[in-house]
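Text of protein18.cif (mmCIF, C-alpha atoms) as supplied:
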```
data_work
#
loop_
_atom_site.label_atom_id
_atom_site.label_comp_id
_atom_site.auth_asym_id
_atom_site.auth_seq_id
_atom_site.Cartn_x
_atom_site.Cartn_y
_atom_site.Cartn_z
CA GLN A 18 97.98 18.01 71.80
CA VAL A 19 99.03 17.86 75.43
CA GLN A 20 96.28 18.55 77.93
CA LEU A 21 96.46 19.25 81.64
CA VAL A 22 93.30 19.02 83.71
CA GLU A 23 93.14 20.39 87.24
CA SER A 24 90.55 19.46 89.85
CA GLY A 25 89.97 19.64 93.58
CA GLY A 26 89.33 23.34 94.09
CA GLY A 27 86.48 24.71 96.14
CA LEU A 28 85.39 26.80 99.08
CA VAL A 29 87.10 26.15 102.40
CA GLN A 30 87.25 27.92 105.74
CA PRO A 31 90.49 29.43 107.03
CA GLY A 32 92.64 26.71 108.54
CA GLY A 33 91.12 24.07 106.30
CA SER A 34 92.73 21.83 103.70
CA LEU A 35 92.31 20.98 100.04
CA ARG A 36 94.14 18.69 97.65
CA LEU A 37 94.43 19.74 94.03
CA SER A 38 95.12 17.28 91.23
CA CYS A 39 96.61 17.82 87.78
CA THR A 40 96.32 14.96 85.32
CA THR A 41 98.19 15.07 82.02
CA SER A 42 97.26 13.48 78.71
CA ALA A 43 100.90 12.45 78.20
CA SER A 44 103.32 10.63 80.44
CA ILE A 45 104.79 12.80 83.17
CA PHE A 46 108.22 11.60 82.06
CA ASN A 47 107.75 13.60 78.83
CA PHE A 48 108.03 16.85 80.76
CA ASN A 49 111.16 18.54 82.04
CA GLN A 50 109.36 20.30 84.84
CA MET A 51 105.97 20.27 86.51
CA GLY A 52 104.55 22.64 89.06
CA TRP A 53 101.76 24.82 90.35
CA PHE A 54 101.06 28.52 89.97
CA ARG A 55 98.21 30.72 91.14
CA GLN A 56 96.57 33.99 90.21
CA ALA A 57 94.52 36.07 92.59
CA PRO A 58 92.06 38.71 91.37
CA GLY A 59 93.89 41.80 90.17
CA LYS A 60 97.30 40.21 90.61
CA GLU A 61 99.83 38.56 88.34
CA ARG A 62 100.21 34.81 88.17
CA GLU A 63 102.77 33.64 90.73
CA PHE A 64 104.80 30.54 91.38
CA VAL A 65 103.62 28.19 94.14
CA ALA A 66 105.57 24.93 93.98
CA ARG A 67 107.39 22.67 91.56
CA PHE A 68 109.66 19.69 91.25
CA THR A 69 113.36 20.19 90.71
CA THR A 70 116.07 17.75 89.68
CA PHE A 71 116.89 17.18 93.32
CA GLY A 72 113.53 17.56 95.01
CA THR A 73 110.96 20.30 95.38
CA VAL A 74 110.85 24.06 95.80
CA TYR A 75 108.12 26.27 97.26
CA ALA A 76 107.21 29.92 97.38
CA ASP A 77 107.97 31.41 100.78
CA SER A 78 104.30 32.22 101.28
CA VAL A 79 103.29 28.54 101.21
CA LYS A 80 106.37 26.86 102.64
CA GLY A 81 105.47 24.51 105.48
CA ARG A 82 101.77 24.50 104.54
CA PHE A 83 101.69 23.18 100.96
CA SER A 84 103.19 19.97 99.61
CA ILE A 85 103.64 18.90 96.00
CA SER A 86 103.70 15.23 95.08
CA ARG A 87 103.20 13.00 92.08
CA ASP A 88 101.89 9.61 91.01
CA ASN A 89 103.73 8.63 87.84
CA THR A 90 101.43 5.66 87.25
CA LYS A 91 98.47 8.03 87.03
CA ASN A 92 100.28 10.89 85.23
CA THR A 93 99.08 13.09 88.05
CA VAL A 94 100.64 15.81 90.17
CA TYR A 95 99.07 16.86 93.44
CA LEU A 96 99.16 19.95 95.62
CA GLN A 97 98.19 19.31 99.23
CA MET A 98 97.25 22.60 100.85
CA ASN A 99 96.94 22.78 104.63
CA ASN A 100 96.23 25.61 107.04
CA LEU A 101 94.72 27.65 104.23
CA LYS A 102 94.48 31.41 104.60
CA PRO A 103 92.26 33.98 102.87
CA ASP A 104 95.37 35.18 100.98
CA ASP A 105 95.55 31.75 99.34
CA THR A 106 92.35 32.53 97.44
CA ALA A 107 93.18 32.31 93.74
CA VAL A 108 92.80 30.29 90.59
CA TYR A 109 95.41 27.54 90.74
CA TYR A 110 97.08 26.40 87.55
CA CYS A 111 99.19 23.38 86.75
CA ARG A 112 102.11 23.93 84.39
CA ALA A 113 104.31 21.45 82.57
CA LEU A 114 107.40 22.27 80.51
CA GLY A 115 108.02 20.19 77.41
CA PRO A 116 111.49 19.05 76.27
CA THR A 117 112.05 22.31 74.37
CA GLY A 118 110.81 24.46 77.22
CA LEU A 119 107.37 24.98 75.74
CA PRO A 120 104.90 25.51 78.60
CA TYR A 121 101.59 23.73 78.86
CA TRP A 122 98.90 25.07 81.19
CA GLY A 123 95.73 23.65 82.59
CA GLN A 124 92.45 25.55 82.64
CA GLY A 125 92.77 26.33 86.35
CA THR A 126 90.74 25.47 89.43
CA GLN A 127 89.29 28.04 91.83
CA VAL A 128 90.27 27.95 95.49
CA THR A 129 88.37 30.25 97.82
CA VAL A 130 89.29 30.54 101.49
CA SER A 131 86.61 32.33 103.44
CA SER A 132 84.56 32.04 106.59
#
```
Could the structure of this file be written out as structure tokens, please?
Amino acid sequence: QVQLVESGGGLVQPGGSLRLSCTTSASIFNFNQMGWFRQAPGKEREFVARFTTFGTVYADSVKGRFSISRDNTKNTVYLQMNNLKPDDTAVYYCRALGPTGLPYWGQGTQVTVSS
């Protein structure tokens, strides 16, 4: 059973930074795709960032502020979030796609941006 565990969420003031981590129970190389999504209260889950074959792709709302990276030796994907805004408040989820396209989700980590 593949498990994804997120960490690094918390309360931060507007303009602050956080780094989220997603560690998988299997090698990152087992997955076709890895990325981050988020869900704000009363809203649908939305795409934030992910790796592509040729690099990375970001939602327009986070472009220039968020950065996705990975450490293959630690089976961990990161999301560096800078210049955070109140609209970034959400539960952030890590998602991995298996070889057949089956999605695996973490339990989520809460990010709250407030003064």
Neighbour list for Val108 (chain A) as number ranges by chain, cut-off 8 Å, all atoms listed in the file, skip fewer than 3 positions in-chain: A: 55-57, 125-128
Residues matched by the PyMOL selection byres ((chain A and resi 36-44) around 8), written as JSON, numbers by chain: {"A": [19, 20, 21, 22, 23, 24, 25, 26, 34, 35, 45, 46, 47, 48, 89, 91, 92, 93, 94, 95, 96, 97, 98, 111, 123]}
Selection result for the PyMOL selection byres ((chain A and resi 131) around 10) on this file, as a PyMOL selection string: chain A and resi 28-33+101-106+128-130+132
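Nearest-residue note for Trp53 (chain A): choosing from A:Asn100, A:Gly81, A:Arg67, A:Gln124, the minimum distance belongs to A:Arg67, counting all atoms listed in the file.
For the set A:Asn99, A:Asn49, A:Thr117, A:Gln18, the residue with the smallest atom-to-atom gap to Arg82 (chain A) is A:Asn99, counting all atoms listed in the file.
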Selection: 6 Å around Ala113 (chain A), all atoms listed in the file, excl. self and same-chain fewer than 4 positions, as a ChimeraX atom specification: /A:50-51,120-121
Taking C-alpha atoms for each residue, export the selection above as a short mmCIF file (atom, residue, chain, number, x, y, z; two decimals), in the coordinates of the input.
```cif
data_model
loop_
_atom_site.label_atom_id
_atom_site.label_comp_id
_atom_site.auth_asym_id
_atom_site.auth_seq_id
_atom_site.Cartn_x
_atom_site.Cartn_y
_atom_site.Cartn_z
CA GLN A 50 109.36 20.30 84.84
CA MET A 51 105.97 20.27 86.51
CA PRO A 120 104.90 25.51 78.60
CA TYR A 121 101.59 23.73 78.86
#
```
Interatomic distance (Å, one decimal) between CA of Pro58 (chain A) and CA of Ala107 (chain A): 6.9 Å
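Evaluated against the shown file, the PyMOL selection byres ((chain A and resi 63) around 10) gives Trp53, Phe54, Arg55, Gln56, Ala57, Lys60, Glu61, Arg62, Phe64, Val65, Ala66, Ala76, Tyr109 and Tyr110 of chain A.
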Adding 5 Å on each side of the box along x, y and z that holds all listed atoms of region 79-87 of chain A, could you give its centre and edge lengths in Å to one decimal, as AutoDock Vina command-line options?
```
--center_x 104.0 --center_y 20.8 --center_z 98.8 --size_x 14.7 --size_y 25.5 --size_z 23.4
```
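Straight-line separation from CA of Phe83 (chain A) to CA of Phe71 (chain A): 18.0 Å.
When CA of Gly52 (chain A) is paired with CA of Phe68 (chain A), their separation reads 6.3 Å.
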Can you spit out region 53-92 of chain A with N, CA and C atoms, as a PDB file, in the first residue's frame, from the structure just given?
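Result went into decode-v4.pdb, see below:
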```pdb
ATOM      1  N   TRP A  53       1.277  18.863  -6.393  1.00  0.00           N
ATOM      2  CA  TRP A  53       0.548  19.412  -5.256  1.00  0.00           C
ATOM      3  C   TRP A  53      -0.787  19.999  -5.690  1.00  0.00           C
ATOM      4  N   PHE A  54      -1.785  19.800  -4.848  1.00  0.00           N
ATOM      5  CA  PHE A  54      -3.109  20.377  -5.019  1.00  0.00           C
ATOM      6  C   PHE A  54      -3.497  21.045  -3.704  1.00  0.00           C
ATOM      7  N   ARG A  55      -4.549  21.830  -3.741  1.00  0.00           N
ATOM      8  CA  ARG A  55      -5.047  22.442  -2.513  1.00  0.00           C
ATOM      9  C   ARG A  55      -6.551  22.580  -2.561  1.00  0.00           C
ATOM     10  N   GLN A  56      -7.151  22.662  -1.372  1.00  0.00           N
ATOM     11  CA  GLN A  56      -8.596  22.820  -1.270  1.00  0.00           C
ATOM     12  C   GLN A  56      -8.905  23.799  -0.157  1.00  0.00           C
ATOM     13  N   ALA A  57      -9.494  24.904  -0.552  1.00  0.00           N
ATOM     14  CA  ALA A  57      -9.916  25.921   0.406  1.00  0.00           C
ATOM     15  C   ALA A  57     -11.325  25.621   0.883  1.00  0.00           C
ATOM     16  N   PRO A  58     -11.720  26.129   2.040  1.00  0.00           N
ATOM     17  CA  PRO A  58     -13.063  25.866   2.561  1.00  0.00           C
ATOM     18  C   PRO A  58     -14.140  26.276   1.563  1.00  0.00           C
ATOM     19  N   GLY A  59     -15.055  25.373   1.290  1.00  0.00           N
ATOM     20  CA  GLY A  59     -16.166  25.665   0.394  1.00  0.00           C
ATOM     21  C   GLY A  59     -15.819  25.654  -1.081  1.00  0.00           C
ATOM     22  N   LYS A  60     -14.589  25.272  -1.402  1.00  0.00           N
ATOM     23  CA  LYS A  60     -14.169  25.265  -2.804  1.00  0.00           C
ATOM     24  C   LYS A  60     -13.717  23.865  -3.212  1.00  0.00           C
ATOM     25  N   GLU A  61     -13.630  23.660  -4.522  1.00  0.00           N
ATOM     26  CA  GLU A  61     -13.153  22.381  -5.022  1.00  0.00           C
ATOM     27  C   GLU A  61     -11.628  22.314  -4.942  1.00  0.00           C
ATOM     28  N   ARG A  62     -11.132  21.102  -4.915  1.00  0.00           N
ATOM     29  CA  ARG A  62      -9.682  20.914  -4.915  1.00  0.00           C
ATOM     30  C   ARG A  62      -9.126  21.418  -6.259  1.00  0.00           C
ATOM     31  N   GLU A  63      -7.993  22.142  -6.185  1.00  0.00           N
ATOM     32  CA  GLU A  63      -7.424  22.704  -7.390  1.00  0.00           C
ATOM     33  C   GLU A  63      -5.938  22.376  -7.500  1.00  0.00           C
ATOM     34  N   PHE A  64      -5.483  22.370  -8.720  1.00  0.00           N
ATOM     35  CA  PHE A  64      -4.089  22.102  -9.029  1.00  0.00           C
ATOM     36  C   PHE A  64      -3.220  23.268  -8.582  1.00  0.00           C
ATOM     37  N   VAL A  65      -2.026  22.938  -8.068  1.00  0.00           N
ATOM     38  CA  VAL A  65      -1.063  23.968  -7.667  1.00  0.00           C
ATOM     39  C   VAL A  65       0.221  23.860  -8.493  1.00  0.00           C
ATOM     40  N   ALA A  66       0.840  22.703  -8.475  1.00  0.00           N
ATOM     41  CA  ALA A  66       2.123  22.547  -9.172  1.00  0.00           C
ATOM     42  C   ALA A  66       2.399  21.064  -9.370  1.00  0.00           C
ATOM     43  N   ARG A  67       3.163  20.749 -10.414  1.00  0.00           N
ATOM     44  CA  ARG A  67       3.574  19.371 -10.606  1.00  0.00           C
ATOM     45  C   ARG A  67       4.781  19.306 -11.523  1.00  0.00           C
ATOM     46  N   PHE A  68       5.393  18.145 -11.539  1.00  0.00           N
ATOM     47  CA  PHE A  68       6.484  17.883 -12.463  1.00  0.00           C
ATOM     48  C   PHE A  68       5.905  17.408 -13.790  1.00  0.00           C
ATOM     49  N   THR A  69       6.555  17.774 -14.865  1.00  0.00           N
ATOM     50  CA  THR A  69       6.226  17.261 -16.181  1.00  0.00           C
ATOM     51  C   THR A  69       7.459  16.535 -16.717  1.00  0.00           C
ATOM     52  N   THR A  70       7.299  15.960 -17.903  1.00  0.00           N
ATOM     53  CA  THR A  70       8.425  15.257 -18.522  1.00  0.00           C
ATOM     54  C   THR A  70       9.602  16.203 -18.743  1.00  0.00           C
ATOM     55  N   PHE A  71       9.276  17.456 -19.003  1.00  0.00           N
ATOM     56  CA  PHE A  71      10.321  18.404 -19.388  1.00  0.00           C
ATOM     57  C   PHE A  71      10.626  19.442 -18.302  1.00  0.00           C
ATOM     58  N   GLY A  72       9.915  19.390 -17.195  1.00  0.00           N
ATOM     59  CA  GLY A  72      10.195  20.374 -16.165  1.00  0.00           C
ATOM     60  C   GLY A  72       9.079  20.451 -15.147  1.00  0.00           C
ATOM     61  N   THR A  73       8.542  21.644 -14.959  1.00  0.00           N
ATOM     62  CA  THR A  73       7.493  21.860 -13.977  1.00  0.00           C
ATOM     63  C   THR A  73       6.409  22.756 -14.559  1.00  0.00           C
ATOM     64  N   VAL A  74       5.237  22.694 -13.957  1.00  0.00           N
ATOM     65  CA  VAL A  74       4.134  23.555 -14.366  1.00  0.00           C
ATOM     66  C   VAL A  74       3.415  24.024 -13.113  1.00  0.00           C
ATOM     67  N   TYR A  75       2.932  25.264 -13.140  1.00  0.00           N
ATOM     68  CA  TYR A  75       2.293  25.885 -11.983  1.00  0.00           C
ATOM     69  C   TYR A  75       0.957  26.509 -12.358  1.00  0.00           C
ATOM     70  N   ALA A  76       0.073  26.544 -11.374  1.00  0.00           N
ATOM     71  CA  ALA A  76      -1.157  27.319 -11.549  1.00  0.00           C
ATOM     72  C   ALA A  76      -0.805  28.793 -11.650  1.00  0.00           C
ATOM     73  N   ASP A  77      -1.563  29.533 -12.432  1.00  0.00           N
ATOM     74  CA  ASP A  77      -1.281  30.953 -12.612  1.00  0.00           C
ATOM     75  C   ASP A  77      -1.274  31.704 -11.285  1.00  0.00           C
ATOM     76  N   SER A  78      -2.105  31.270 -10.360  1.00  0.00           N
ATOM     77  CA  SER A  78      -2.248  31.981  -9.096  1.00  0.00           C
ATOM     78  C   SER A  78      -1.009  31.882  -8.203  1.00  0.00           C
ATOM     79  N   VAL A  79      -0.139  30.909  -8.471  1.00  0.00           N
ATOM     80  CA  VAL A  79       1.042  30.732  -7.623  1.00  0.00           C
ATOM     81  C   VAL A  79       2.346  30.931  -8.386  1.00  0.00           C
ATOM     82  N   LYS A  80       2.247  31.132  -9.688  1.00  0.00           N
ATOM     83  CA  LYS A  80       3.440  31.257 -10.516  1.00  0.00           C
ATOM     84  C   LYS A  80       4.306  32.424 -10.029  1.00  0.00           C
ATOM     85  N   GLY A  81       5.593  32.149  -9.887  1.00  0.00           N
ATOM     86  CA  GLY A  81       6.522  33.179  -9.419  1.00  0.00           C
ATOM     87  C   GLY A  81       6.650  33.238  -7.911  1.00  0.00           C
ATOM     88  N   ARG A  82       5.758  32.572  -7.194  1.00  0.00           N
ATOM     89  CA  ARG A  82       5.803  32.582  -5.727  1.00  0.00           C
ATOM     90  C   ARG A  82       6.087  31.192  -5.151  1.00  0.00           C
ATOM     91  N   PHE A  83       5.600  30.159  -5.819  1.00  0.00           N
ATOM     92  CA  PHE A  83       5.776  28.788  -5.347  1.00  0.00           C
ATOM     93  C   PHE A  83       6.790  28.071  -6.232  1.00  0.00           C
ATOM     94  N   SER A  84       7.470  27.092  -5.625  1.00  0.00           N
ATOM     95  CA  SER A  84       8.446  26.306  -6.379  1.00  0.00           C
ATOM     96  C   SER A  84       8.393  24.856  -5.921  1.00  0.00           C
ATOM     97  N   ILE A  85       8.258  23.939  -6.878  1.00  0.00           N
ATOM     98  CA  ILE A  85       8.231  22.520  -6.564  1.00  0.00           C
ATOM     99  C   ILE A  85       9.609  21.929  -6.839  1.00  0.00           C
ATOM    100  N   SER A  86      10.035  21.048  -5.952  1.00  0.00           N
ATOM    101  CA  SER A  86      11.330  20.403  -6.126  1.00  0.00           C
ATOM    102  C   SER A  86      11.247  18.993  -5.541  1.00  0.00           C
ATOM    103  N   ARG A  87      12.332  18.241  -5.707  1.00  0.00           N
ATOM    104  CA  ARG A  87      12.303  16.864  -5.241  1.00  0.00           C
ATOM    105  C   ARG A  87      13.691  16.418  -4.800  1.00  0.00           C
ATOM    106  N   ASP A  88      13.712  15.471  -3.883  1.00  0.00           N
ATOM    107  CA  ASP A  88      14.945  14.802  -3.479  1.00  0.00           C
ATOM    108  C   ASP A  88      14.708  13.307  -3.660  1.00  0.00           C
ATOM    109  N   ASN A  89      15.213  12.767  -4.749  1.00  0.00           N
ATOM    110  CA  ASN A  89      14.955  11.360  -5.065  1.00  0.00           C
ATOM    111  C   ASN A  89      15.534  10.425  -4.015  1.00  0.00           C
ATOM    112  N   THR A  90      16.638  10.834  -3.385  1.00  0.00           N
ATOM    113  CA  THR A  90      17.263   9.966  -2.383  1.00  0.00           C
ATOM    114  C   THR A  90      16.412   9.845  -1.126  1.00  0.00           C
ATOM    115  N   LYS A  91      15.537  10.807  -0.915  1.00  0.00           N
ATOM    116  CA  LYS A  91      14.663  10.793   0.260  1.00  0.00           C
ATOM    117  C   LYS A  91      13.216  10.489  -0.100  1.00  0.00           C
ATOM    118  N   ASN A  92      12.947  10.203  -1.372  1.00  0.00           N
ATOM    119  CA  ASN A  92      11.566   9.953  -1.840  1.00  0.00           C
ATOM    120  C   ASN A  92      10.644  11.077  -1.389  1.00  0.00           C
TER     121      ASN A  92
END
```
